[in-house]
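Everything below belongs to coords_38.pdb, which stores PDB, C-alpha atoms (C1' of nucleotides).
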ATOM      1  CA  MET A   1     -18.574   9.860  -1.638
ATOM      2  CA  LYS A   2     -17.448  13.315  -0.770
ATOM      3  CA  ASP A   3     -14.928  13.426   2.056
ATOM      4  CA  ILE A   4     -12.268  10.834   1.537
ATOM      5  CA  LYS A   5     -11.335   8.889   4.639
ATOM      6  CA  ILE A   6      -8.497   6.866   3.236
ATOM      7  CA  THR A   7      -4.900   7.425   4.198
ATOM      8  CA  ASN A   8      -1.826   5.779   2.749
ATOM      9  CA  THR A   9       1.820   5.179   3.504
ATOM     10  CA  ILE A  10       3.112   5.392  -0.044
ATOM     11  CA  ARG A  11       5.544   8.160   0.737
ATOM     12  CA  THR A  12       7.092   6.165   3.550
ATOM     13  CA  LEU A  13       7.188   2.982   1.525
ATOM     14  CA  ARG A  14       8.953   4.771  -1.326
ATOM     15  CA  PHE A  15      11.486   6.126   1.086
ATOM     16  CA  LEU A  16      12.152   2.726   2.624
ATOM     17  CA  ASP A  17      12.417   1.150  -0.798
ATOM     18  CA  LYS A  18      15.684   2.794  -1.813
ATOM     19  CA  GLU A  19      14.017   6.191  -2.039
ATOM     20  CA  MET A  20      12.037   5.190  -5.061
ATOM     21  CA  THR A  21      10.810   8.295  -6.876
ATOM     22  CA  GLN A  22       7.195   9.058  -7.756
ATOM     23  CA  GLN A  23       8.221   8.709 -11.372
ATOM     24  CA  GLU A  24       9.608   5.214 -10.828
ATOM     25  CA  LEU A  25       6.562   4.072  -8.912
ATOM     26  CA  ALA A  26       4.312   5.550 -11.589
ATOM     27  CA  GLU A  27       6.147   3.605 -14.279
ATOM     28  CA  LYS A  28       5.973   0.376 -12.308
ATOM     29  CA  VAL A  29       2.211   0.563 -11.947
ATOM     30  CA  GLY A  30       1.550   2.098 -15.347
ATOM     31  CA  VAL A  31       0.178   5.523 -14.473
ATOM     32  CA  THR A  32       1.556   9.046 -14.634
ATOM     33  CA  ARG A  33       3.633  10.697 -11.972
ATOM     34  CA  HIS A  34       0.787  13.116 -11.397
ATOM     35  CA  THR A  35      -1.542  10.318 -10.399
ATOM     36  CA  ILE A  36       0.905   9.006  -7.810
ATOM     37  CA  MET A  37       1.372  12.486  -6.446
ATOM     38  CA  ALA A  38      -2.349  13.154  -6.217
ATOM     39  CA  ILE A  39      -2.921   9.886  -4.378
ATOM     40  CA  GLU A  40      -0.032  10.492  -1.979
ATOM     41  CA  LYS A  41      -1.475  13.913  -1.281
ATOM     42  CA  GLY A  42      -4.920  12.430  -0.711
ATOM     43  CA  LYS A  43      -6.553  14.417  -3.509
ATOM     44  CA  TYR A  44      -8.646  11.394  -4.338
ATOM     45  CA  SER A  45      -8.654   7.673  -3.678
ATOM     46  CA  PRO A  46      -7.459   5.416  -6.475
ATOM     47  CA  THR A  47      -9.255   2.680  -8.311
ATOM     48  CA  LEU A  48      -9.113  -0.663  -6.520
ATOM     49  CA  GLU A  49      -7.009  -1.993  -9.363
ATOM     50  CA  LEU A  50      -4.413   0.741  -9.015
ATOM     51  CA  ALA A  51      -4.375   0.306  -5.255
ATOM     52  CA  PHE A  52      -3.597  -3.406  -5.690
ATOM     53  CA  LYS A  53      -0.803  -2.632  -8.145
ATOM     54  CA  ILE A  54       0.801  -0.147  -5.795
ATOM     55  CA  ALA A  55       0.656  -2.565  -2.876
ATOM     56  CA  GLU A  56       2.171  -5.224  -5.108
ATOM     57  CA  VAL A  57       5.182  -3.029  -5.873
ATOM     58  CA  PHE A  58       6.013  -2.827  -2.189
ATOM     59  CA  ASN A  59       5.141  -6.468  -1.513
ATOM     60  CA  LYS A  60       2.658  -5.413   1.115
ATOM     61  CA  PRO A  61      -0.963  -6.375   1.619
ATOM     62  CA  LEU A  62      -3.223  -3.638   0.352
ATOM     63  CA  GLU A  63      -4.461  -2.825   3.814
ATOM     64  CA  GLU A  64      -0.946  -2.106   4.963
ATOM     65  CA  VAL A  65      -0.593   0.556   2.304
ATOM     66  CA  PHE A  66      -4.084   2.030   2.421
ATOM     67  CA  THR A  67      -6.105   2.504   5.594
ATOM     68  CA  TYR A  68      -9.809   3.188   5.723
ATOM     69  CA  GLU A  69     -10.534   5.481   8.656
ATOM     70  CA  LYS A  70     -14.061   4.993   9.867
TER      71      LYS A  70
ATOM     72  CA  MET B   1      -5.944  -0.425 -17.286
ATOM     73  CA  LYS B   2      -7.908  -2.375 -19.812
ATOM     74  CA  ASP B   3      -8.539  -5.970 -18.772
ATOM     75  CA  ILE B   4      -9.659  -6.106 -15.208
ATOM     76  CA  LYS B   5      -7.991  -8.810 -13.174
ATOM     77  CA  ILE B   6      -9.938  -8.413  -9.985
ATOM     78  CA  THR B   7     -12.443 -10.938  -8.788
ATOM     79  CA  ASN B   8     -14.765 -10.684  -5.812
ATOM     80  CA  THR B   9     -16.909 -12.804  -3.572
ATOM     81  CA  ILE B  10     -19.690 -10.318  -3.013
ATOM     82  CA  ARG B  11     -22.375 -12.626  -4.301
ATOM     83  CA  THR B  12     -21.323 -15.376  -1.918
ATOM     84  CA  LEU B  13     -20.995 -12.998   0.997
ATOM     85  CA  ARG B  14     -24.467 -11.615   0.365
ATOM     86  CA  PHE B  15     -25.832 -15.116   0.297
ATOM     87  CA  LEU B  16     -24.123 -16.078   3.544
ATOM     88  CA  ASP B  17     -25.288 -12.876   5.181
ATOM     89  CA  LYS B  18     -28.979 -13.745   5.352
ATOM     90  CA  GLU B  19     -29.304 -13.519   1.575
ATOM     91  CA  MET B  20     -28.811  -9.784   1.624
ATOM     92  CA  THR B  21     -30.091  -8.272  -1.628
ATOM     93  CA  GLN B  22     -28.081  -6.077  -3.980
ATOM     94  CA  GLN B  23     -30.449  -3.297  -3.037
ATOM     95  CA  GLU B  24     -29.716  -3.675   0.669
ATOM     96  CA  LEU B  25     -25.987  -3.791   0.131
ATOM     97  CA  ALA B  26     -26.209  -0.752  -2.140
ATOM     98  CA  GLU B  27     -28.045   1.188   0.542
ATOM     99  CA  LYS B  28     -25.563   0.198   3.225
ATOM    100  CA  VAL B  29     -22.609   1.493   1.237
ATOM    101  CA  GLY B  30     -24.394   4.449  -0.305
ATOM    102  CA  VAL B  31     -24.436   3.598  -3.991
ATOM    103  CA  THR B  32     -27.124   2.402  -6.383
ATOM    104  CA  ARG B  33     -28.134  -1.177  -6.947
ATOM    105  CA  HIS B  34     -26.780  -0.912 -10.456
ATOM    106  CA  THR B  35     -23.287  -0.186  -9.166
ATOM    107  CA  ILE B  36     -23.305  -3.265  -6.946
ATOM    108  CA  MET B  37     -24.514  -5.393  -9.824
ATOM    109  CA  ALA B  38     -21.885  -4.078 -12.209
ATOM    110  CA  ILE B  39     -19.138  -4.771  -9.692
ATOM    111  CA  GLU B  40     -20.430  -8.254  -8.926
ATOM    112  CA  LYS B  41     -20.511  -8.915 -12.642
ATOM    113  CA  GLY B  42     -16.975  -7.595 -13.031
ATOM    114  CA  LYS B  43     -17.976  -4.847 -15.442
ATOM    115  CA  TYR B  44     -15.462  -2.568 -13.757
ATOM    116  CA  SER B  45     -13.512  -2.388 -10.545
ATOM    117  CA  PRO B  46     -14.736  -0.031  -7.835
ATOM    118  CA  THR B  47     -13.031   2.876  -6.219
ATOM    119  CA  LEU B  48     -10.834   1.905  -3.288
ATOM    120  CA  GLU B  49     -13.228   3.754  -1.025
ATOM    121  CA  LEU B  50     -16.228   1.769  -2.190
ATOM    122  CA  ALA B  51     -14.248  -1.462  -1.926
ATOM    123  CA  PHE B  52     -13.448  -0.670   1.707
ATOM    124  CA  LYS B  53     -17.092   0.116   2.449
ATOM    125  CA  ILE B  54     -18.271  -3.158   0.955
ATOM    126  CA  ALA B  55     -15.704  -5.168   2.906
ATOM    127  CA  GLU B  56     -16.780  -3.334   6.038
ATOM    128  CA  VAL B  57     -20.406  -4.419   5.589
ATOM    129  CA  PHE B  58     -19.355  -8.060   5.678
ATOM    130  CA  ASN B  59     -16.790  -7.543   8.428
ATOM    131  CA  LYS B  60     -14.092  -8.958   6.220
ATOM    132  CA  PRO B  61     -10.664  -7.636   5.311
ATOM    133  CA  LEU B  62     -10.739  -6.068   1.861
ATOM    134  CA  GLU B  63      -8.485  -8.729   0.433
ATOM    135  CA  GLU B  64     -10.936 -11.420   1.440
ATOM    136  CA  VAL B  65     -13.644  -9.791  -0.624
ATOM    137  CA  PHE B  66     -11.558  -8.656  -3.587
ATOM    138  CA  THR B  67      -8.710 -10.637  -5.091
ATOM    139  CA  TYR B  68      -6.135  -9.277  -7.486
ATOM    140  CA  GLU B  69      -5.168 -11.995  -9.951
ATOM    141  CA  LYS B  70      -1.673 -11.428 -11.230
TER     142      LYS B  70
ATOM    143  C1'  DA C   1      24.866  30.816  -5.268
ATOM    144  C1'  DC C   2      24.011  27.514  -8.982
ATOM    145  C1'  DT C   3      22.208  23.411 -10.967
ATOM    146  C1'  DC C   4      19.532  19.586 -11.409
ATOM    147  C1'  DA C   5      16.316  16.174  -9.968
ATOM    148  C1'  DA C   6      12.243  15.504  -7.459
ATOM    149  C1'  DT C   7       8.076  17.202  -5.995
ATOM    150  C1'  DG C   8       4.014  20.297  -6.059
ATOM    151  C1'  DT C   9       0.420  23.193  -8.579
ATOM    152  C1'  DT C  10      -2.868  24.395 -12.021
ATOM    153  C1'  DA C  11      -6.124  23.829 -15.754
ATOM    154  C1'  DA C  12      -8.214  21.336 -19.428
ATOM    155  C1'  DA C  13      -9.177  17.067 -21.822
ATOM    156  C1'  DA C  14      -9.816  12.055 -21.734
ATOM    157  C1'  DA C  15     -11.066   7.849 -19.535
ATOM    158  C1'  DT C  16     -13.525   5.392 -16.245
ATOM    159  C1'  DA C  17     -16.903   4.852 -12.434
ATOM    160  C1'  DT C  18     -21.497   5.926 -10.838
ATOM    161  C1'  DT C  19     -26.276   7.480 -11.324
ATOM    162  C1'  DT C  20     -30.673   7.442 -13.301
ATOM    163  C1'  DT C  21     -34.404   5.544 -15.751
ATOM    164  C1'  DA C  22     -36.808   2.162 -17.878
ATOM    165  C1'  DC C  23     -37.513  -2.334 -19.328
ATOM    166  C1'  DA C  24     -36.343  -7.613 -19.670
ATOM    167  C1'  DT C  25     -35.403 -11.872 -17.397
ATOM    168  C1'  DT C  26     -35.123 -15.110 -13.742
ATOM    169  C1'  DA C  27     -36.553 -17.636  -9.668
ATOM    170  C1'  DG C  28     -39.615 -18.707  -5.713
ATOM    171  C1'  DG C  29     -43.992 -18.920  -3.459
ATOM    172  C1'  DT C  30     -48.702 -19.703  -3.725
TER     173       DT C  30
ATOM    174  C1'  DA D   1     -49.759 -20.564 -14.433
ATOM    175  C1'  DC D   2     -49.531 -16.312 -12.012
ATOM    176  C1'  DC D   3     -47.295 -12.726  -8.942
ATOM    177  C1'  DT D   4     -43.798 -10.598  -7.107
ATOM    178  C1'  DA D   5     -39.145  -9.653  -5.723
ATOM    179  C1'  DA D   6     -34.579  -9.918  -7.218
ATOM    180  C1'  DT D   7     -31.458  -9.653 -10.758
ATOM    181  C1'  DG D   8     -29.775  -8.397 -15.443
ATOM    182  C1'  DT D   9     -29.348  -5.113 -19.557
ATOM    183  C1'  DA D  10     -29.083  -0.832 -21.982
ATOM    184  C1'  DA D  11     -28.334   4.122 -22.897
ATOM    185  C1'  DA D  12     -27.555   8.710 -21.567
ATOM    186  C1'  DA D  13     -26.096  11.981 -17.978
ATOM    187  C1'  DT D  14     -23.087  13.062 -14.139
ATOM    188  C1'  DA D  15     -19.100  12.518 -11.115
ATOM    189  C1'  DT D  16     -14.628  11.073 -10.297
ATOM    190  C1'  DT D  17     -10.155   9.475 -11.624
ATOM    191  C1'  DT D  18      -6.324   9.810 -14.818
ATOM    192  C1'  DT D  19      -3.742  12.053 -18.435
ATOM    193  C1'  DT D  20      -1.304  15.738 -20.448
ATOM    194  C1'  DA D  21       1.360  19.761 -20.463
ATOM    195  C1'  DA D  22       3.425  23.610 -18.640
ATOM    196  C1'  DC D  23       5.334  25.992 -14.940
ATOM    197  C1'  DA D  24       6.646  26.799  -9.709
ATOM    198  C1'  DT D  25       8.949  25.218  -5.599
ATOM    199  C1'  DT D  26      11.921  22.574  -2.794
ATOM    200  C1'  DG D  27      16.189  20.330  -1.528
ATOM    201  C1'  DA D  28      20.663  18.129  -2.053
ATOM    202  C1'  DG D  29      25.121  18.333  -4.063
ATOM    203  C1'  DT D  30      28.795  20.853  -5.854
TER     204       DT D  30
END
Here is the file; what I need is its structure written in the form of structure tokens.
Amino acid sequence: MKDIKITNTIRTLRFLDKEMTQQELAEKVGVTRHTIMAIEKGKYSPTLELAFKIAEVFNKPLEEVFTYEK
Amino acid sequence: MKDIKITNTIRTLRFLDKEMTQQELAEKVGVTRHTIMAIEKGKYSPTLELAFKIAEVFNKPLEEVFTYEK
DNA sequence: ACTCAATGTTAAAAATATTTTACATTAGGT
DNA sequence: ACCTAATGTAAAATATTTTTAACATTGAGT
């Protein structure tokens, strides 16, 4: 599992959702701001559980937030 | 992230897909048999990347394989 | 130009996921 | 009942994700 092939639209979704900050999103899903930042930046892919929580915040299906590029 | 609230239908999907073994599924997604077993058993939730790979094997959307129970 | 909030970076420690190995149990076929 | 393949269990080692903390950068507003 070396090269990560998963992209996400978190940054856009935050912007569309009243410009929610990384800090706010982090608090809503129960992780640190750093974690949100690292995921947005694609440093690593999150746990499935965290991915579900993030999608839930934006009321989007998980696959609309995260995309697996074959 | 203590109590995991994610269920999955991997066992059923393996059964429906010509009774694919844990070993075969593990090989297709590039992890060990133990990892597949632990996930099926709900010991922990996988990485988003692994979740996508598993869903891909069964040609199902991720959310049809894994369900986040609120 | 200054200030402040938001974001990005780095490094180390902690927590969790995954591997490896080895053995126990279960279930089906003969 | 016996064999064998598939599944389950356990413990230790490794890899990856997440936390923590401290500091740098960017950008908007004044």
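Considering the residues C:DA12, C:DA6, C:DA22, C:DA17 and counting all atoms listed in the file, DT19 (chain D) has its shortest atom-to-atom contact with C:DA12.
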Rotate and translate chain B onto chain A via least squares on all in-order Cα pairs, then write the result as a tab-separated table (two decimals) with C-alpha atoms, in the frame of the given file.
chain	number	residue	atom	x	y	z
B	1	MET	CA	-18.52	9.91	-1.59
B	2	LYS	CA	-17.39	13.38	-0.72
B	3	ASP	CA	-14.84	13.46	2.09
B	4	ILE	CA	-12.22	10.86	1.54
B	5	LYS	CA	-11.33	8.89	4.63
B	6	ILE	CA	-8.49	6.86	3.23
B	7	THR	CA	-4.91	7.41	4.19
B	8	ASN	CA	-1.83	5.77	2.75
B	9	THR	CA	1.81	5.17	3.49
B	10	ILE	CA	3.10	5.39	-0.04
B	11	ARG	CA	5.54	8.16	0.74
B	12	THR	CA	7.08	6.16	3.57
B	13	LEU	CA	7.19	2.99	1.53
B	14	ARG	CA	8.93	4.78	-1.32
B	15	PHE	CA	11.46	6.14	1.09
B	16	LEU	CA	12.14	2.74	2.64
B	17	ASP	CA	12.41	1.17	-0.79
B	18	LYS	CA	15.68	2.81	-1.81
B	19	GLU	CA	14.02	6.21	-2.02
B	20	MET	CA	12.04	5.20	-5.06
B	21	THR	CA	10.79	8.31	-6.88
B	22	GLN	CA	7.17	9.05	-7.75
B	23	GLN	CA	8.21	8.70	-11.36
B	24	GLU	CA	9.60	5.21	-10.81
B	25	LEU	CA	6.55	4.07	-8.90
B	26	ALA	CA	4.31	5.55	-11.59
B	27	GLU	CA	6.14	3.61	-14.27
B	28	LYS	CA	5.97	0.37	-12.31
B	29	VAL	CA	2.20	0.57	-11.96
B	30	GLY	CA	1.53	2.10	-15.35
B	31	VAL	CA	0.17	5.52	-14.48
B	32	THR	CA	1.59	9.04	-14.63
B	33	ARG	CA	3.65	10.69	-11.96
B	34	HIS	CA	0.82	13.12	-11.41
B	35	THR	CA	-1.53	10.32	-10.42
B	36	ILE	CA	0.89	9.00	-7.81
B	37	MET	CA	1.36	12.48	-6.42
B	38	ALA	CA	-2.36	13.16	-6.22
B	39	ILE	CA	-2.94	9.89	-4.39
B	40	GLU	CA	-0.07	10.48	-1.98
B	41	LYS	CA	-1.50	13.91	-1.30
B	42	GLY	CA	-4.95	12.44	-0.75
B	43	LYS	CA	-6.55	14.44	-3.55
B	44	TYR	CA	-8.65	11.41	-4.40
B	45	SER	CA	-8.67	7.70	-3.75
B	46	PRO	CA	-7.47	5.39	-6.50
B	47	THR	CA	-9.27	2.64	-8.30
B	48	LEU	CA	-9.11	-0.69	-6.50
B	49	GLU	CA	-7.01	-2.00	-9.36
B	50	LEU	CA	-4.42	0.73	-9.01
B	51	ALA	CA	-4.39	0.28	-5.24
B	52	PHE	CA	-3.60	-3.41	-5.69
B	53	LYS	CA	-0.81	-2.63	-8.15
B	54	ILE	CA	0.80	-0.15	-5.79
B	55	ALA	CA	0.66	-2.57	-2.87
B	56	GLU	CA	2.18	-5.22	-5.11
B	57	VAL	CA	5.20	-3.02	-5.88
B	58	PHE	CA	6.03	-2.83	-2.19
B	59	ASN	CA	5.17	-6.46	-1.52
B	60	LYS	CA	2.68	-5.42	1.10
B	61	PRO	CA	-0.95	-6.39	1.62
B	62	LEU	CA	-3.23	-3.65	0.34
B	63	GLU	CA	-4.47	-2.84	3.81
B	64	GLU	CA	-0.94	-2.11	4.95
B	65	VAL	CA	-0.58	0.55	2.31
B	66	PHE	CA	-4.09	2.01	2.42
B	67	THR	CA	-6.11	2.48	5.58
B	68	TYR	CA	-9.81	3.18	5.71
B	69	GLU	CA	-10.54	5.47	8.65
B	70	LYS	CA	-14.06	4.95	9.88
What do you get, as a PDB file with C-alpha atoms, keeping the file's coordinate frame, if you spell out every residue that the PyMOL selection byres ((chain A) within 9 of (chain C)) selects here?
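Ended up saving to out_11.pdb:
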ATOM      1  CA  THR A  21      10.810   8.295  -6.876  1.00  0.00           C
ATOM      2  CA  GLN A  22       7.195   9.058  -7.756  1.00  0.00           C
ATOM      3  CA  GLN A  23       8.221   8.709 -11.372  1.00  0.00           C
ATOM      4  CA  MET A  37       1.372  12.486  -6.446  1.00  0.00           C
ATOM      5  CA  THR A  47      -9.255   2.680  -8.311  1.00  0.00           C
TER       6      THR A  47
END
(request) Check which residues satisfy the PyMOL selection byres ((chain B) within 12 of (chain D)) in the file shown, then give them as a list of chain:residue names. (result) B:Met1, B:Arg11, B:Glu19, B:Met20, B:Thr21, B:Gln22, B:Gln23, B:Glu24, B:Arg33, B:His34, B:Ile36, B:Met37, B:Ala38, B:Glu40, B:Lys41, B:Pro46, B:Thr47, B:Leu48, B:Glu49
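The gap separating CA of Glu27 (chain B) from CA of Thr7 (chain B) is 21.9 Å, in Å to one decimal.
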(request) Using only C-alpha atoms, select each residue of chain A with any atom at most 10 Å away from an atom of chain B, and give the selection as a ChimeraX atom specification. (result) /A:1,4-6,29-31,44-53,56,61-63,66-70
